[in-house]
Amino acid sequence: MTDQIPVLIGGVDHLQTDFNYSMAELRSLAQAADFKVIQQVHQRLPQVNNKTYFGPGKVQQIQHLAATHAIQTVIVNDELTPAQLRNLERSTQLYFLDRTELILQIFQKRAHSQQAQLQVAIAQLQYQLPRIHPSQNPLDQQRGGQGINNRGAGESQLELKQRQLRQRITQLQNKLQHTKQALTTQSERRQQQHLPQVALVGYTNAGKSTTFNQILAAVPHSKVSPVLVQDQLFATLDTTIRRIDVPQLPTFLLSDTIGFISQLPTTLIAAFRSTLQEAQTADLLIQVIDATHPQKETMIATTQQILTELGIAQKPMIYAYNKADQLPATAIPQISGPTIYYSAYQKKSIQALLHLIGQQLFRNYRSLKLLIPFNEYQIISYLEHQVFIQNRSYHATGILYQVLVQPADLPRLRPFIIEKT
Ligand SMILES: Nc1nc2c(ncn2[C@@H]2O[C@H](COP(=O)(O)OP(=O)(O)OP(=O)(O)O)[C@@H](O)[C@H]2O)c(=O)[nH]1
Ligand SMILES: [Mg+2]
């Protein structure tokens, strides 16, 4: 990358336990947005300064460092209030970007599908809405100040800008509604098939997409193309769903989706609700965790918090500690209760993960031996198309099936049961 913008990153340590890691993460986020981090500052305060986030002395130091290193952009580790942003930019004549806007910029760069692009655009406009202000700062152009030429009667320039932004948000939301409707029908169609759903969730870069691809690779004769895997934050911004047909398990649907990060902007969570819909309707969540990461506990807590915001923290969950190939003296795969240590790169691990998925997902299923007389066409057809058949043999009195069924199937099959386990 040739023309990377040089930046200074800074944060106030308001006595967080993981401040250093949070700053390291901010650096990775800045790099993911193609900025070049030249300088870093921090300040320890019991709480951030209401007016300028940093204390006055630190603001001066930033100004000085920026001048010395020809930096015009400062990235801050928290979400700034509109007033803090305005005050900082006015007093320093520098361009300030907060953690939220930075994450939004990365999402904008990575959004490829129409749905993802619309969702990011809406989140960005919602972020800009309280922050637009008529000022001389040319960088404001990037914050929704474009195309104002006819002033409405009696309206201040600010009100006009805000009205235009709101109109634009509504337009985009309507557009998104259309793509959403198409998706809803798809998801309804899937639900009609009664297939159980499993969703991969977790912190960004944990290995969700790698796990997804390797489970797909375990499906015999599967020809579907793999999803993108990259060692970068937010490689995945869309949801992909695939049918998983492996010989040892009933068919289920598996989805891969966007990763989480601490302080994930709430506007983004709201805007990406439809993308996260698969996780919301899932019967089982697989939380993928980078087992090698020193901050994995914080990452699990963050994931839990976002799942709570989405209202799905109570769903059955597998804790999948990935990248365990890099852990010294850990034999993989290793299963204990709903927890697995594994490596997405290891075939044996993927088989063990499938086994655990089977255990968790089909926990309430019953294994039945049925004898169906040949003239029970409807039942035979139902079994052949909707139920996982473990074994079938033909006898003089009918077909003998060994099946795995949902509790809801029990009543209609009861007359034919000859053994239940
Ligand atoms: N050592 C090791 N690396 C892995 C393993 N699984 C994934 N990775 C690496 O981890 C990085 C992130 O993998 P992804 O599958 O893209 O992660 P993700 O969770 O989908 O990330 P986002 O889409 O950004 O949320 C890649 O560089 C992978 O090659 C593993 O079992 N062992
Ligand atoms: Mg991914």
# chains A, B, ... in the order shown; residues from 1 in each chain; ligands from 1
>>> residues_around(residues="A:Ile71", least_positions_apart="4", cutoff="10 Å", atoms="only C-alpha atoms", output="list in words")
Ile5, Pro6, Val7, Leu8, Val37, Ile38, Gln39, Ile62, Gln63, His64, Leu65, Ala66, Ala67, Leu94 and Tyr95 of chain A
>>> write_last_selection(atoms="C-alpha atoms", output="tab-separated table (two decimals), in the first residue's frame")
chain	number	residue	atom	x	y	z
A	5	ILE	CA	-2.48	7.95	5.73
A	6	PRO	CA	-0.18	8.47	8.73
A	7	VAL	CA	-2.06	8.54	12.02
A	8	LEU	CA	-1.59	8.94	15.73
A	37	VAL	CA	0.23	4.17	12.87
A	38	ILE	CA	3.17	6.52	13.48
A	39	GLN	CA	2.62	7.57	17.07
A	62	ILE	CA	-1.04	15.41	20.55
A	63	GLN	CA	-0.98	18.66	18.63
A	64	HIS	CA	2.76	18.91	19.05
A	65	LEU	CA	3.40	15.28	18.02
A	66	ALA	CA	1.13	15.67	15.01
A	67	ALA	CA	3.03	18.77	13.87
A	94	LEU	CA	-6.70	17.92	13.25
A	95	TYR	CA	-9.10	15.30	11.98
>>> residues_near_ligand(ligand="ligand 1", cutoff="6 Å", atoms="only C-alpha atoms and all ligand atoms", output="mmCIF file with N, CA and C atoms, in the first residue's frame")
data_model
loop_
_atom_site.group_PDB
_atom_site.id
_atom_site.type_symbol
_atom_site.label_atom_id
_atom_site.label_comp_id
_atom_site.auth_asym_id
_atom_site.auth_seq_id
_atom_site.Cartn_x
_atom_site.Cartn_y
_atom_site.Cartn_z
ATOM 1 N N THR A 204 -13.940 -11.791 15.947
ATOM 2 C CA THR A 204 -13.344 -11.739 14.616
ATOM 3 C C THR A 204 -11.959 -12.400 14.612
ATOM 4 N N ASN A 205 -11.677 -13.115 13.531
ATOM 5 C CA ASN A 205 -10.386 -13.789 13.326
ATOM 6 C C ASN A 205 -10.196 -15.060 14.171
ATOM 7 N N ALA A 206 -11.268 -15.569 14.767
ATOM 8 C CA ALA A 206 -11.156 -16.772 15.606
ATOM 9 C C ALA A 206 -11.048 -18.044 14.763
ATOM 10 N N GLY A 207 -11.506 -17.964 13.504
ATOM 11 C CA GLY A 207 -11.447 -19.143 12.635
ATOM 12 C C GLY A 207 -12.816 -19.716 12.306
ATOM 13 N N LYS A 208 -13.846 -18.869 12.333
ATOM 14 C CA LYS A 208 -15.207 -19.334 12.018
ATOM 15 C C LYS A 208 -15.293 -19.793 10.563
ATOM 16 N N SER A 209 -14.784 -18.953 9.652
ATOM 17 C CA SER A 209 -14.897 -19.289 8.232
ATOM 18 C C SER A 209 -14.055 -20.511 7.886
ATOM 19 N N THR A 210 -12.890 -20.640 8.514
ATOM 20 C CA THR A 210 -12.052 -21.826 8.283
ATOM 21 C C THR A 210 -12.807 -23.073 8.746
ATOM 22 N N VAL A 229 -11.304 -16.834 3.715
ATOM 23 C CA VAL A 229 -10.587 -16.911 4.992
ATOM 24 C C VAL A 229 -9.394 -15.979 4.909
ATOM 25 N N GLN A 230 -9.209 -15.126 5.887
ATOM 26 C CA GLN A 230 -8.047 -14.253 5.863
ATOM 27 C C GLN A 230 -7.596 -13.907 7.270
ATOM 28 N N ASP A 231 -6.294 -13.714 7.407
ATOM 29 C CA ASP A 231 -5.785 -13.326 8.715
ATOM 30 C C ASP A 231 -5.946 -11.818 8.872
ATOM 31 N N GLN A 232 -7.169 -11.398 9.004
ATOM 32 C CA GLN A 232 -7.449 -9.969 9.168
ATOM 33 C C GLN A 232 -8.766 -9.797 9.913
ATOM 34 N N LEU A 233 -8.957 -8.625 10.484
ATOM 35 C CA LEU A 233 -10.196 -8.375 11.208
ATOM 36 C C LEU A 233 -11.334 -8.195 10.199
ATOM 37 N N PHE A 234 -12.465 -8.765 10.502
ATOM 38 C CA PHE A 234 -13.672 -8.630 9.683
ATOM 39 C C PHE A 234 -13.486 -9.088 8.233
ATOM 40 N N ALA A 235 -12.969 -10.300 8.069
ATOM 41 C CA ALA A 235 -12.861 -10.860 6.721
ATOM 42 C C ALA A 235 -14.260 -11.167 6.186
ATOM 43 N N THR A 236 -15.154 -11.587 7.068
ATOM 44 C CA THR A 236 -16.510 -11.971 6.652
ATOM 45 C C THR A 236 -17.504 -10.878 7.016
ATOM 46 N N ILE A 258 -20.603 -12.632 10.363
ATOM 47 C CA ILE A 258 -19.592 -11.655 10.761
ATOM 48 C C ILE A 258 -19.100 -11.912 12.182
ATOM 49 N N GLY A 259 -17.856 -11.526 12.410
ATOM 50 C CA GLY A 259 -17.263 -11.677 13.731
ATOM 51 C C GLY A 259 -17.563 -10.470 14.603
ATOM 52 N N ASN A 322 -10.555 -23.119 18.998
ATOM 53 C CA ASN A 322 -9.836 -23.415 17.754
ATOM 54 C C ASN A 322 -8.347 -23.065 17.884
ATOM 55 N N LYS A 323 -7.586 -23.426 16.879
ATOM 56 C CA LYS A 323 -6.142 -23.147 16.775
ATOM 57 C C LYS A 323 -5.364 -23.849 17.878
ATOM 58 N N ASP A 325 -3.883 -26.429 17.742
ATOM 59 C CA ASP A 325 -2.641 -26.999 17.198
ATOM 60 C C ASP A 325 -1.435 -26.166 17.646
ATOM 61 N N GLN A 326 -1.681 -24.911 17.998
ATOM 62 C CA GLN A 326 -0.598 -24.020 18.423
ATOM 63 C C GLN A 326 -0.385 -24.015 19.935
ATOM 64 N N SER A 343 -8.443 -28.117 16.031
ATOM 65 C CA SER A 343 -7.888 -27.243 15.010
ATOM 66 C C SER A 343 -8.717 -27.426 13.756
ATOM 67 N N ALA A 344 -9.135 -26.317 13.201
ATOM 68 C CA ALA A 344 -9.959 -26.386 11.993
ATOM 69 C C ALA A 344 -9.196 -27.037 10.841
ATOM 70 N N TYR A 345 -7.873 -27.070 10.943
ATOM 71 C CA TYR A 345 -7.058 -27.656 9.870
ATOM 72 C C TYR A 345 -6.954 -29.173 9.963
#
>>> residues_around(residues="A:His14", least_positions_apart="6", cutoff="7 Å", atoms="only C-alpha atoms", output="list in words")
Arg44, Leu45, Pro46, Gln47 and Val48 of chain A
>>> residues_around(residues="A:Pro226", least_positions_apart="6", cutoff="9 Å", atoms="only C-alpha atoms", output="MDAnalysis selection string")
chainID A and resid 209:210 212:214 216:217
